[in-house]
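Visitor: Below is the file entry07.pdb, with PDB, C-alpha atoms.
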```
MODEL        1
ATOM      1  CA  MET A 653     -19.439  12.523  13.609
ATOM      2  CA  LYS A 654     -18.093  10.090  11.019
ATOM      3  CA  ALA A 655     -14.429   9.589  11.928
ATOM      4  CA  ASP A 656     -13.580   6.018  10.900
ATOM      5  CA  GLY A 657     -12.883   4.927   7.360
ATOM      6  CA  ILE A 658     -10.679   5.063   4.276
ATOM      7  CA  LEU A 659      -9.936   8.095   2.137
ATOM      8  CA  LEU A 660      -8.987   7.166  -1.403
ATOM      9  CA  LEU A 661      -6.635   9.973  -2.399
ATOM     10  CA  ASN A 662      -5.071  10.849  -5.741
ATOM     11  CA  LYS A 663      -1.763  12.131  -4.374
ATOM     12  CA  ALA A 664      -0.120  14.874  -6.382
ATOM     13  CA  ARG A 665       3.388  14.494  -7.721
ATOM     14  CA  GLY A 666       6.031  16.306  -5.677
ATOM     15  CA  MET A 667       4.335  15.741  -2.312
ATOM     16  CA  ALA A 668       5.482  13.266   0.328
ATOM     17  CA  SER A 669       2.876  10.786   1.547
ATOM     18  CA  THR A 670       3.304  11.975   5.126
ATOM     19  CA  ARG A 671       2.644  15.558   4.032
ATOM     20  CA  ALA A 672      -0.508  14.479   2.182
ATOM     21  CA  LEU A 673      -1.681  12.688   5.321
ATOM     22  CA  THR A 674      -1.042  15.746   7.498
ATOM     23  CA  ILE A 675      -3.080  17.967   5.184
ATOM     24  CA  ALA A 676      -5.940  15.450   4.961
ATOM     25  CA  LYS A 677      -6.081  15.174   8.763
ATOM     26  CA  LYS A 678      -6.618  18.920   8.991
ATOM     27  CA  GLN A 679      -9.205  18.916   6.215
ATOM     28  CA  LEU A 680     -11.229  16.121   7.821
ATOM     29  CA  GLN A 681     -10.446  17.290  11.372
ATOM     30  CA  ILE A 682      -9.600  13.759  12.510
ATOM     31  CA  LYS A 683      -6.493  13.284  14.662
ATOM     32  CA  LYS A 684      -5.961   9.529  14.402
ATOM     33  CA  ALA A 685      -4.765   8.640  10.903
ATOM     34  CA  GLY A 686      -2.248   6.607   8.929
ATOM     35  CA  HIS A 687      -1.665   5.336   5.419
ATOM     36  CA  GLY A 688      -1.858   1.945   3.753
ATOM     37  CA  GLY A 689       1.492   2.081   1.962
ATOM     38  CA  THR A 690       3.432   5.170   0.893
ATOM     39  CA  LEU A 691       4.123   6.716  -2.497
ATOM     40  CA  ASP A 692       7.444   8.413  -3.240
ATOM     41  CA  PRO A 693       7.264  12.193  -3.794
ATOM     42  CA  LEU A 694       8.084  11.562  -7.467
ATOM     43  CA  ALA A 695       4.937   9.444  -7.849
ATOM     44  CA  ASP A 696       1.290  10.373  -8.066
ATOM     45  CA  GLY A 697      -1.892   8.332  -7.956
ATOM     46  CA  VAL A 698      -3.718   6.110  -5.495
ATOM     47  CA  LEU A 699      -2.796   6.600  -1.843
ATOM     48  CA  LEU A 700      -5.015   5.035   0.814
ATOM     49  CA  LEU A 701      -5.368   7.108   3.990
ATOM     50  CA  LEU A 702      -6.872   5.460   7.062
ATOM     51  CA  PHE A 703      -8.761   7.339   9.760
ATOM     52  CA  GLY A 704      -9.882   6.422  13.248
ATOM     53  CA  GLU A 705     -10.172   2.715  13.937
ATOM     54  CA  ALA A 706      -9.422   1.897  10.292
ATOM     55  CA  THR A 707      -5.729   2.432  11.148
ATOM     56  CA  ARG A 708      -5.749  -0.918  12.972
ATOM     57  CA  TYR A 709      -6.312  -2.704   9.667
ATOM     58  CA  ALA A 710      -3.472  -1.109   7.675
ATOM     59  CA  GLN A 711      -1.533  -4.364   7.428
ATOM     60  CA  TYR A 712      -4.249  -5.836   5.223
ATOM     61  CA  LEU A 713      -3.572  -3.170   2.603
ATOM     62  CA  LEU A 714       0.225  -3.231   2.525
ATOM     63  CA  HIS A 715       0.581  -6.531   0.689
ATOM     64  CA  GLY A 716      -2.278  -6.243  -1.787
ATOM     65  CA  ASN A 717      -1.842  -6.184  -5.560
ATOM     66  CA  LYS A 718      -1.023  -2.842  -7.182
ATOM     67  CA  SER A 719      -0.831  -1.425 -10.686
ATOM     68  CA  TYR A 720       1.385   1.352 -12.016
ATOM     69  CA  THR A 721       2.214   3.303 -15.134
ATOM     70  CA  ALA A 722       5.962   3.927 -15.131
ATOM     71  CA  LYS A 723       8.229   5.989 -17.383
ATOM     72  CA  ILE A 724      11.845   4.853 -17.555
ATOM     73  CA  ARG A 725      14.770   6.711 -19.115
ATOM     74  CA  PHE A 726      17.785   4.789 -20.405
ATOM     75  CA  GLY A 727      21.401   5.879 -20.691
ATOM     76  CA  TYR A 728      21.691   7.400 -17.210
ATOM     77  CA  ARG A 729      21.967   5.912 -13.735
ATOM     78  CA  SER A 730      20.751   7.546 -10.524
ATOM     79  CA  ASP A 731      21.922   7.014  -6.942
ATOM     80  CA  THR A 732      18.245   7.003  -5.903
ATOM     81  CA  ASP A 733      17.163   5.009  -8.989
ATOM     82  CA  ASP A 734      14.852   7.872  -9.981
ATOM     83  CA  ALA A 735      15.003  11.375 -11.414
ATOM     84  CA  GLU A 736      15.370  12.995  -7.992
ATOM     85  CA  GLY A 737      18.848  11.590  -7.447
ATOM     86  CA  THR A 738      22.302  12.413  -8.774
ATOM     87  CA  LEU A 739      22.632  11.200 -12.358
ATOM     88  CA  THR A 740      25.676   9.628 -13.962
ATOM     89  CA  THR A 741      26.038   8.872 -17.658
ATOM     90  CA  GLY A 742      25.781   5.256 -18.777
ATOM     91  CA  ASN A 743      26.041   3.798 -22.266
ATOM     92  CA  PRO A 744      23.733   5.049 -25.022
ATOM     93  CA  PRO A 745      20.435   3.154 -25.265
ATOM     94  CA  PRO A 746      20.399   0.480 -27.965
ATOM     95  CA  PRO A 747      19.127   1.760 -31.332
ATOM     96  CA  ASP A 748      16.456  -0.963 -31.287
ATOM     97  CA  LEU A 749      15.278   0.000 -27.796
ATOM     98  CA  GLU A 750      11.731  -1.273 -28.279
ATOM     99  CA  THR A 751      12.898  -4.716 -29.381
ATOM    100  CA  CYS A 752      15.420  -4.967 -26.547
ATOM    101  CA  VAL A 753      12.895  -3.934 -23.884
ATOM    102  CA  ARG A 754      10.297  -6.396 -25.152
ATOM    103  CA  ALA A 755      12.895  -9.177 -25.061
ATOM    104  CA  ALA A 756      14.008  -8.287 -21.513
ATOM    105  CA  LEU A 757      10.607  -7.872 -19.840
ATOM    106  CA  PRO A 758       9.859 -11.611 -19.385
ATOM    107  CA  MET A 759      12.891 -12.042 -17.109
ATOM    108  CA  PHE A 760      11.284  -9.613 -14.642
ATOM    109  CA  CYS A 761       7.891 -11.350 -14.515
ATOM    110  CA  GLY A 762       6.820 -13.901 -11.906
ATOM    111  CA  GLU A 763       8.561 -14.270  -8.567
ATOM    112  CA  ILE A 764      11.922 -12.542  -8.802
ATOM    113  CA  MET A 765      14.624 -11.444  -6.397
ATOM    114  CA  GLN A 766      14.780  -7.675  -6.144
ATOM    115  CA  THR A 767      17.297  -5.457  -4.370
ATOM    116  CA  ALA A 768      15.752  -2.398  -2.757
ATOM    117  CA  PRO A 769      17.096   1.075  -3.642
ATOM    118  CA  ALA A 770      19.841   2.425  -1.413
ATOM    119  CA  TYR A 771      17.461   5.294  -0.660
ATOM    120  CA  SER A 772      14.520   3.340   0.728
ATOM    121  CA  ALA A 773      12.567   3.026   3.960
ATOM    122  CA  LEU A 774      13.629  -0.570   4.590
ATOM    123  CA  LYS A 775      15.483  -0.732   7.869
ATOM    124  CA  HIS A 776      18.891  -1.949   9.013
ATOM    125  CA  GLN A 777      19.537  -2.030  12.766
ATOM    126  CA  GLY A 778      16.407   0.046  13.310
ATOM    127  CA  LYS A 779      17.264   2.823  10.845
ATOM    128  CA  PRO A 780      15.917   3.258   7.299
ATOM    129  CA  LEU A 781      18.443   2.705   4.523
ATOM    130  CA  TYR A 782      18.071   6.263   3.234
ATOM    131  CA  ARG A 783      19.630   7.596   6.438
ATOM    132  CA  TYR A 784      22.752   5.531   5.809
ATOM    133  CA  ALA A 785      22.872   6.645   2.185
ATOM    134  CA  ARG A 786      22.423  10.334   3.006
ATOM    135  CA  ASN A 787      25.289  10.164   5.505
ATOM    136  CA  ASN A 788      27.550   7.978   3.327
ATOM    137  CA  LEU A 789      27.471   5.219   5.921
ATOM    138  CA  PRO A 790      27.863   1.547   4.998
ATOM    139  CA  ALA A 791      24.696  -0.548   5.028
ATOM    140  CA  PRO A 792      23.897  -3.970   3.589
ATOM    141  CA  THR A 793      21.759  -4.283   0.500
ATOM    142  CA  LYS A 794      18.261  -5.620   1.083
ATOM    143  CA  THR A 795      17.254  -8.303  -1.405
ATOM    144  CA  ARG A 796      13.953 -10.141  -1.216
ATOM    145  CA  ALA A 797      11.502 -12.122  -3.302
ATOM    146  CA  VAL A 798       8.718 -10.089  -4.913
ATOM    147  CA  GLN A 799       5.938 -10.898  -7.369
ATOM    148  CA  ILE A 800       5.471  -9.089 -10.677
ATOM    149  CA  ASP A 801       2.412 -10.434 -12.460
ATOM    150  CA  GLU A 802       2.467  -8.482 -15.703
ATOM    151  CA  LEU A 803       4.707  -6.037 -17.583
ATOM    152  CA  THR A 804       3.445  -4.358 -20.736
ATOM    153  CA  LEU A 805       5.326  -1.951 -22.978
ATOM    154  CA  LEU A 806       2.955   0.947 -23.697
ATOM    155  CA  ALA A 807       5.136   3.420 -25.580
ATOM    156  CA  VAL A 808       8.646   4.334 -26.702
ATOM    157  CA  SER A 809       9.676   7.989 -26.842
ATOM    158  CA  ASN A 810      10.503   9.672 -30.139
ATOM    159  CA  SER A 811      13.995  10.302 -28.782
ATOM    160  CA  ASN A 812      14.418   6.531 -28.328
ATOM    161  CA  ASP A 813      15.709   6.907 -24.773
ATOM    162  CA  SER A 814      12.535   6.356 -22.695
ATOM    163  CA  VAL A 815       9.712   3.828 -22.449
ATOM    164  CA  THR A 816       6.391   3.733 -20.648
ATOM    165  CA  LEU A 817       5.414   0.480 -18.953
ATOM    166  CA  SER A 818       2.278  -0.861 -17.336
ATOM    167  CA  VAL A 819       3.149  -2.850 -14.202
ATOM    168  CA  ARG A 820       0.866  -5.174 -12.244
ATOM    169  CA  CYS A 821       2.527  -6.557  -9.129
ATOM    170  CA  GLY A 822       2.222  -7.657  -5.523
ATOM    171  CA  GLY A 823       3.095  -5.612  -2.473
ATOM    172  CA  GLY A 824       6.670  -4.668  -1.690
ATOM    173  CA  VAL A 825       7.818  -4.156  -5.295
ATOM    174  CA  TYR A 826      10.060  -1.152  -5.923
ATOM    175  CA  ILE A 827       9.379   0.218  -9.406
ATOM    176  CA  ARG A 828      12.599   2.218  -9.061
ATOM    177  CA  SER A 829      14.490  -1.051  -8.702
ATOM    178  CA  LEU A 830      12.703  -2.472 -11.723
ATOM    179  CA  ALA A 831      13.806   0.543 -13.787
ATOM    180  CA  ARG A 832      17.393   0.207 -12.564
ATOM    181  CA  ASP A 833      17.558  -3.531 -13.235
ATOM    182  CA  LEU A 834      16.004  -3.202 -16.680
ATOM    183  CA  GLY A 835      18.689  -0.675 -17.564
ATOM    184  CA  GLU A 836      21.399  -3.030 -16.373
ATOM    185  CA  ALA A 837      19.890  -5.872 -18.399
ATOM    186  CA  LEU A 838      20.194  -3.675 -21.502
ATOM    187  CA  GLY A 839      23.741  -2.649 -20.546
ATOM    188  CA  CYS A 840      23.119   1.094 -20.586
ATOM    189  CA  GLY A 841      21.693   1.980 -17.174
ATOM    190  CA  ALA A 842      18.259   3.460 -16.493
ATOM    191  CA  HIS A 843      16.196   5.247 -13.884
ATOM    192  CA  LEU A 844      12.562   6.013 -13.157
ATOM    193  CA  THR A 845      11.339   9.442 -14.305
ATOM    194  CA  ALA A 846       7.586   9.281 -13.627
ATOM    195  CA  LEU A 847       5.235   6.939 -11.802
ATOM    196  CA  THR A 848       1.475   6.774 -11.359
ATOM    197  CA  ARG A 849      -0.186   4.197  -9.106
ATOM    198  CA  THR A 850      -3.418   3.328 -10.870
ATOM    199  CA  THR A 851      -4.793   0.670  -8.516
ATOM    200  CA  CYS A 852      -4.243  -0.530  -4.973
ATOM    201  CA  GLY A 853      -6.118  -3.734  -4.264
ATOM    202  CA  LYS A 854      -9.755  -3.171  -5.236
ATOM    203  CA  PHE A 855      -9.345   0.627  -5.254
ATOM    204  CA  SER A 856      -8.658   2.471  -8.520
ATOM    205  CA  LEU A 857      -7.640   5.966  -9.563
ATOM    206  CA  PRO A 858     -11.015   7.075 -11.014
ATOM    207  CA  GLN A 859     -12.534   6.601  -7.539
ATOM    208  CA  ALA A 860     -10.002   8.886  -5.857
ATOM    209  CA  THR A 861     -10.350  12.488  -4.776
ATOM    210  CA  THR A 862      -7.654  15.153  -4.447
ATOM    211  CA  LEU A 863      -6.508  17.411  -1.637
ATOM    212  CA  THR A 864      -7.411  20.377  -3.831
ATOM    213  CA  ALA A 865     -10.993  19.164  -4.157
ATOM    214  CA  LEU A 866     -11.257  18.542  -0.410
ATOM    215  CA  ASP A 867      -9.927  22.028   0.304
ATOM    216  CA  GLU A 868     -13.132  23.449  -1.156
ATOM    217  CA  LEU A 869     -15.261  21.576   1.395
ATOM    218  CA  GLU A 870     -16.116  21.868   5.065
ATOM    219  CA  ALA A 871     -14.727  19.141   7.347
ATOM    220  CA  GLU A 872     -18.073  17.379   7.601
ATOM    221  CA  GLN A 873     -18.342  17.283   3.807
ATOM    222  CA  CYS A 874     -14.780  15.967   3.538
ATOM    223  CA  ARG A 875     -15.653  13.113   5.866
ATOM    224  CA  GLU A 876     -18.419  12.089   3.476
ATOM    225  CA  HIS A 877     -15.626  10.882   1.177
ATOM    226  CA  LEU A 878     -14.601   8.229   3.731
ATOM    227  CA  LEU A 879     -15.310   4.664   2.672
ATOM    228  CA  PRO A 880     -16.454   2.264   5.430
ATOM    229  CA  LEU A 881     -13.461   0.733   7.177
ATOM    230  CA  GLU A 882     -14.781  -2.807   6.630
ATOM    231  CA  THR A 883     -14.128  -2.435   2.894
ATOM    232  CA  ILE A 884     -10.490  -3.139   3.771
ATOM    233  CA  VAL A 885     -11.379  -6.678   4.835
ATOM    234  CA  ALA A 886     -14.490  -7.323   2.730
ATOM    235  CA  HIS A 887     -12.700 -10.171   0.903
ATOM    236  CA  PHE A 888     -12.478 -12.266   4.083
ATOM    237  CA  PRO A 889     -15.275 -14.811   4.759
ATOM    238  CA  ALA A 890     -18.082 -13.527   6.958
ATOM    239  CA  LEU A 891     -18.914 -15.074  10.330
ATOM    240  CA  THR A 892     -22.199 -13.979  11.946
ATOM    241  CA  LEU A 893     -22.313 -14.400  15.707
ATOM    242  CA  SER A 894     -24.713 -13.488  18.488
ATOM    243  CA  LEU A 895     -24.266 -10.129  20.183
ATOM    244  CA  THR A 896     -22.977 -11.865  23.297
ATOM    245  CA  GLN A 897     -20.361 -13.737  21.277
ATOM    246  CA  VAL A 898     -19.342 -10.539  19.517
ATOM    247  CA  GLN A 899     -18.881  -8.832  22.875
ATOM    248  CA  GLN A 900     -16.903 -11.800  24.174
ATOM    249  CA  LEU A 901     -14.465 -11.511  21.298
ATOM    250  CA  GLY A 902     -14.361  -7.742  21.707
ATOM    251  CA  ASN A 903     -13.332  -8.259  25.327
ATOM    252  CA  GLY A 904     -10.622 -10.771  24.389
ATOM    253  CA  ILE A 905     -12.587 -13.930  25.220
ATOM    254  CA  ARG A 906     -12.491 -16.846  22.788
ATOM    255  CA  VAL A 907     -15.695 -18.248  21.307
ATOM    256  CA  ALA A 908     -15.881 -22.028  20.924
ATOM    257  CA  GLN A 909     -17.010 -23.456  17.570
ATOM    258  CA  ASP A 910     -17.251 -27.107  16.510
ATOM    259  CA  GLN A 911     -17.307 -26.692  12.725
ATOM    260  CA  PRO A 912     -14.877 -24.015  11.671
ATOM    261  CA  ASN A 913     -14.426 -22.596   8.230
ATOM    262  CA  ALA A 914     -10.852 -23.419   7.260
ATOM    263  CA  ASP A 915     -10.188 -19.918   5.890
ATOM    264  CA  ASN A 916      -8.588 -17.331   8.177
ATOM    265  CA  PRO A 917      -9.128 -14.662   9.268
ATOM    266  CA  HIS A 918     -12.896 -14.175   9.458
ATOM    267  CA  ARG A 919     -14.881 -10.968   9.212
ATOM    268  CA  VAL A 920     -17.138 -11.053  12.281
ATOM    269  CA  LEU A 921     -20.635  -9.570  11.972
ATOM    270  CA  SER A 922     -23.326  -8.950  14.575
ATOM    271  CA  PRO A 923     -26.822 -10.460  14.044
ATOM    272  CA  GLU A 924     -27.916  -7.270  12.255
ATOM    273  CA  GLY A 925     -24.863  -7.377   9.956
ATOM    274  CA  ARG A 926     -22.738  -4.730  11.693
ATOM    275  CA  PHE A 927     -18.996  -5.217  11.237
ATOM    276  CA  ALA A 928     -17.325  -6.017  14.557
ATOM    277  CA  GLY A 929     -13.758  -7.053  13.786
ATOM    278  CA  LEU A 930     -11.543  -9.909  12.677
ATOM    279  CA  ALA A 931     -11.133 -13.297  14.332
ATOM    280  CA  GLU A 932      -9.202 -16.439  13.460
ATOM    281  CA  TYR A 933      -9.978 -20.076  14.234
ATOM    282  CA  HIS A 934      -7.444 -21.911  16.366
ATOM    283  CA  GLU A 935      -7.746 -25.212  18.237
ATOM    284  CA  GLY A 936     -11.521 -25.373  18.590
ATOM    285  CA  SER A 937     -12.407 -21.725  19.009
ATOM    286  CA  TYR A 938     -12.288 -18.300  17.435
ATOM    287  CA  ARG A 939      -9.900 -15.801  18.946
ATOM    288  CA  PRO A 940     -10.031 -12.042  18.348
ATOM    289  CA  LEU A 941      -7.535 -10.191  16.197
ATOM    290  CA  TYR A 942      -8.729  -6.596  15.824
ATOM    291  CA  PHE A 943     -12.142  -5.629  17.152
ATOM    292  CA  LEU A 944     -13.855  -2.257  17.076
ATOM    293  CA  SER A 945     -14.381  -0.303  20.267
ATOM    294  CA  TRP A 946     -18.173  -0.667  20.220
ATOM    295  CA  THR A 947     -17.787  -4.422  20.884
ATOM    296  CA  ARG A 948     -16.031  -3.792  24.197
ATOM    297  CA  GLN A 949     -19.250  -3.275  26.087
ATOM    298  CA  ALA A 950     -20.019  -4.848  29.413
ATOM    299  CA  LEU A 951     -20.986  -8.473  29.005
ATOM    300  CA  PRO A 952     -24.483  -9.465  30.189
ATOM    301  CA  ILE A 953     -24.641 -11.054  33.616
ATOM    302  CA  GLU A 954     -25.761 -14.670  33.373
TER
ENDMDL
END
```
Here is a file; write its structure as structure tokens.

Guide:
Amino acid sequence: MKADGILLLNKARGMASTRALTIAKKQLQIKKAGHGGTLDPLADGVLLLLFGEATRYAQYLLHGNKSYTAKIRFGYRSDTDDAEGTLTTGNPPPPDLETCVRAALPMFCGEIMQTAPAYSALKHQGKPLYRYARNNLPAPTKTRAVQIDELTLLAVSNSNDSVTLSVRCGGGVYIRSLARDLGEALGCGAHLTALTRTTCGKFSLPQATTLTALDELEAEQCREHLLPLETIVAHFPALTLSLTQVQQLGNGIRVAQDQPNADNPHRVLSPEGRFAGLAEYHEGSYRPLYFLSWTRQALPIE
């Protein structure tokens, strides 16, 4: 039974990522599962769900490039920086909103410092910030460097209080924070009202399926939607080794090599091209990172 791989899901708006994962686990009848980066309930679009041994490779999805379509409303602030929070009235949006937004966007491109929303999953002393916010407890703000590669103004509403942006960015960017900071730059306040993740790494929205579509299928048919787990790491250089060497790495034993490829990590393949796991070169040998269970077979007796 196919139980390892990636499900490319088009998450519906209004559903938490953890809820989507729970439903998908039941539909596919696979117990071991996780996700490669969450989407807020307000957002819809690409959500990568990992099943079986693919869960061990989640970290290689969390920091990949992503693309979004975001709708931002000006003139109101939100304690959550989106439409699900408590709104307070700011200043009216500027009458030349389109011109002002176009002028402000360049200051948010490139590597910028961004403060996470008060209601976020970033942790302080082991607890997510949203728990502090919900209980009115003091917590420090979390500011970090993030990368925004491209911001494009797609549309301005007829009411002249909302815009739609296309965002292309690295991992860890909060689009809610971008909306908030853009509103502050214009002096009127703003918050996010809609968000669609259109790409996550190499995966795009047209490739995704929905929970509704999966609900029409038997579990075995649902599992046919799983992409091979090695697609997560397909961008790493390949290293083909003998079966014995693959099993050595799978059992935690280093494999000596005289002429390493400088790039790390490496995608280790068996002689027949079967994906085995990831290894990195260090001080004259390859050492295992994450290897699949099939490689942990008994080593041949020499």

Visitor: Starting from the PyMOL selection byres ((chain A and resi 701-705) around 7), expand the selection into actual residues of this file and give them as a list in words.

Guide: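 What the PyMOL selection byres ((chain A and resi 701-705) around 7) grabs from the file is Ala655, Asp656, Gly657, Ile658, Leu659, Leu660, Leu673, Lys684, Ala685, Gly686, His687, Gly688, Leu699, Leu700, Ala706, Thr707, Arg708 and Leu944 of chain A.
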
Visitor: Name all residues at most 12 Å from Ala735 (chain A) (count only C-alpha atoms; drop same-chain ones fewer than 3 positions away) and give them as a list in words.

Guide: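 Skipping anything fewer than 3 positions along the chain leaves Gly666, Asp692, Pro693, Leu694, Ala695, Lys723, Ile724, Arg725, Phe726, Tyr728, Arg729, Ser730, Asp731, Thr732, Thr738, Leu739, Thr740, Arg828, Ala831, Arg832, Ala842, His843, Leu844, Thr845, Ala846 and Leu847 of chain A.
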
Visitor: Of the candidates A:Gly762, A:Gly716, A:Pro880, A:Gly697, which one gets nearest to Leu857 (chain A) if we count only C-alpha atoms?

Guide: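 Going through A:Gly762, A:Gly716, A:Pro880, A:Gly697 one by one, the smallest distance to Leu857 (chain A) is for A:Gly697.
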
Visitor: Apply the PyMOL selection byres ((chain A and resi 895) around 10) to the displayed file and report the matching residues as a list in words.

Guide: Thr892, Leu893, Ser894, Thr896, Gln897, Val898, Gln899, Gln900, Leu901, Leu921, Ser922, Pro923, Glu924, Ala928, Thr947 and Leu951 of chain A

Visitor: Once the PyMOL selection byres ((chain A and resi 802) around 8) has been evaluated on this model, what residues remain selected, and can you format them as a PyMOL selection string?

Guide: chain A and resi 761-762+800-801+803-804+818-821

Visitor: By how many Å are CA of Ala908 (chain A) and CA of Tyr938 (chain A) apart?

Guide: 6.2 Å

Visitor: Please compute the CA of Tyr709 (chain A)-CA of Leu879 (chain A) distance, one decimal, in Å.

Guide: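 Calculated distance between CA of Tyr709 (chain A) and CA of Leu879 (chain A) is 13.6 Å.
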
Visitor: Compile a residue-level contact table for region 821-895 of chain A against region 747-755 of chain A at a cut-off of 12 Å, reporting for every qualifying residue the shortest atom pair and its distance in Å to one decimal, with all atoms listed in the file counted, rows ordered by chain and ascending number, as a tab-separated table.

Guide:
```
residue	atom	partner	partner_atom	distance
A:Ala831	CA	A:Val753	CA	11.1
A:Asp833	CA	A:Val753	CA	11.6
A:Leu834	CA	A:Val753	CA	7.9
A:Gly835	CA	A:Val753	CA	9.2
A:Glu836	CA	A:Val753	CA	11.4
A:Ala837	CA	A:Val753	CA	9.1
A:Leu838	CA	A:Cys752	CA	7.1
A:Gly839	CA	A:Cys752	CA	10.5
A:Cys840	CA	A:Leu749	CA	10.7
A:Ala842	CA	A:Val753	CA	11.8
```

Visitor: For Leu817 (chain A), which residue among A:Tyr771, A:Phe855, A:Tyr720, A:Phe888 is the nearest when counting only C-alpha atoms?

Guide: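 Closest residue, counting only C-alpha atoms: A:Tyr720.
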
Visitor: Can you report as lines of an AutoDock Vina configuration file the centre and edge lengths in Å, to one decimal, of an axis-aligned box around the listed atoms of region 930-949 of chain A padded with 8 Å on each side?

Guide:
```
center_x = -13.3
center_y = -12.8
center_z = 19.4
size_x = 27.8
size_y = 41.1
size_z = 29.4
```

Visitor: Taking only C-alpha atoms into account, which of A:Leu680, A:Leu930, A:Val698, A:Ala797 comes nearest Cys852 (chain A)?

Guide: A:Val698

Visitor: Applying 8 Å and all atoms listed in the file, which residues near Gly929 (chain A) remain after dropping the ones on its own chain fewer than 2 positions away? List them as a compact mmCIF listing (two decimals) with C-alpha atoms, in the frame of the given file.

Guide:
```
# COMPACT_ATOMS: atom_id res chain seq x y z
CA GLY A 902 -14.36 -7.74 21.71
CA ARG A 919 -14.88 -10.97 9.21
CA VAL A 920 -17.14 -11.05 12.28
CA LEU A 921 -20.64 -9.57 11.97
CA PHE A 927 -19.00 -5.22 11.24
CA ALA A 931 -11.13 -13.30 14.33
CA PRO A 940 -10.03 -12.04 18.35
CA LEU A 941 -7.54 -10.19 16.20
CA TYR A 942 -8.73 -6.60 15.82
CA PHE A 943 -12.14 -5.63 17.15
CA LEU A 944 -13.86 -2.26 17.08
```

Visitor: Compare A:Gly841, A:Pro917, A:Gly904, A:Gly822 by their minimum atom-to-atom distance to Ala886 (chain A), counting all atoms listed in the file, and give me the closest one.

Guide: A:Pro917

Visitor: Nearest to Met667 (chain A): which of A:Leu866, A:Ile682, A:Ala722, A:Leu691 is it, counting all atoms listed in the file?

Guide: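 Once distances to Met667 (chain A) are computed over all atoms listed in the file, the minimum belongs to A:Leu691.
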
Visitor: Just how far from CA of Asn717 (chain A) is CA of Thr862 (chain A), in Å to one decimal?

Guide: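 So the two atoms, CA of Thr862 (chain A) and CA of Asn717 (chain A), lie 22.1 Å apart.
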
Visitor: Out of A:Ser829, A:Thr741, A:Gln909, A:Asp733, which residue has the shortest atom-to-atom distance to Gln766 (chain A) when counting all atoms listed in the file?

Guide: A:Ser829

Visitor: Quick one: region 807-820 of chain A with N, CA and C atoms, as a PDB file, in the coordinates of the input?

Guide:
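Result file rebuild_28.pdb:
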```pdb
ATOM      1  N   ALA A 807       4.663   2.418 -24.623  1.00  0.00           N
ATOM      2  CA  ALA A 807       5.136   3.420 -25.580  1.00  0.00           C
ATOM      3  C   ALA A 807       6.659   3.532 -25.513  1.00  0.00           C
ATOM      4  N   VAL A 808       7.227   3.998 -26.621  1.00  0.00           N
ATOM      5  CA  VAL A 808       8.646   4.334 -26.702  1.00  0.00           C
ATOM      6  C   VAL A 808       8.737   5.783 -27.156  1.00  0.00           C
ATOM      7  N   SER A 809       9.578   6.571 -26.521  1.00  0.00           N
ATOM      8  CA  SER A 809       9.676   7.989 -26.842  1.00  0.00           C
ATOM      9  C   SER A 809      10.275   8.198 -28.229  1.00  0.00           C
ATOM     10  N   ASN A 810       9.954   9.335 -28.831  1.00  0.00           N
ATOM     11  CA  ASN A 810      10.503   9.672 -30.139  1.00  0.00           C
ATOM     12  C   ASN A 810      12.017   9.797 -30.101  1.00  0.00           C
ATOM     13  N   SER A 811      12.540  10.176 -28.935  1.00  0.00           N
ATOM     14  CA  SER A 811      13.995  10.302 -28.782  1.00  0.00           C
ATOM     15  C   SER A 811      14.675   8.960 -28.574  1.00  0.00           C
ATOM     16  N   ASN A 812      13.899   7.900 -28.472  1.00  0.00           N
ATOM     17  CA  ASN A 812      14.418   6.531 -28.328  1.00  0.00           C
ATOM     18  C   ASN A 812      15.277   6.352 -27.075  1.00  0.00           C
ATOM     19  N   ASP A 813      14.961   7.097 -26.008  1.00  0.00           N
ATOM     20  CA  ASP A 813      15.709   6.907 -24.773  1.00  0.00           C
ATOM     21  C   ASP A 813      14.798   6.617 -23.577  1.00  0.00           C
ATOM     22  N   SER A 814      13.476   6.587 -23.793  1.00  0.00           N
ATOM     23  CA  SER A 814      12.535   6.356 -22.695  1.00  0.00           C
ATOM     24  C   SER A 814      11.410   5.430 -23.145  1.00  0.00           C
ATOM     25  N   VAL A 815      10.877   4.676 -22.182  1.00  0.00           N
ATOM     26  CA  VAL A 815       9.712   3.828 -22.449  1.00  0.00           C
ATOM     27  C   VAL A 815       8.700   4.039 -21.334  1.00  0.00           C
ATOM     28  N   THR A 816       7.452   3.724 -21.641  1.00  0.00           N
ATOM     29  CA  THR A 816       6.391   3.733 -20.648  1.00  0.00           C
ATOM     30  C   THR A 816       5.877   2.320 -20.495  1.00  0.00           C
ATOM     31  N   LEU A 817       5.843   1.841 -19.253  1.00  0.00           N
ATOM     32  CA  LEU A 817       5.414   0.480 -18.953  1.00  0.00           C
ATOM     33  C   LEU A 817       4.162   0.482 -18.095  1.00  0.00           C
ATOM     34  N   SER A 818       3.347  -0.545 -18.272  1.00  0.00           N
ATOM     35  CA  SER A 818       2.278  -0.861 -17.336  1.00  0.00           C
ATOM     36  C   SER A 818       2.764  -2.009 -16.470  1.00  0.00           C
ATOM     37  N   VAL A 819       2.643  -1.854 -15.151  1.00  0.00           N
ATOM     38  CA  VAL A 819       3.149  -2.850 -14.202  1.00  0.00           C
ATOM     39  C   VAL A 819       2.012  -3.302 -13.302  1.00  0.00           C
ATOM     40  N   ARG A 820       1.822  -4.602 -13.199  1.00  0.00           N
ATOM     41  CA  ARG A 820       0.866  -5.174 -12.244  1.00  0.00           C
ATOM     42  C   ARG A 820       1.657  -6.100 -11.338  1.00  0.00           C
TER      43      ARG A 820
END
```
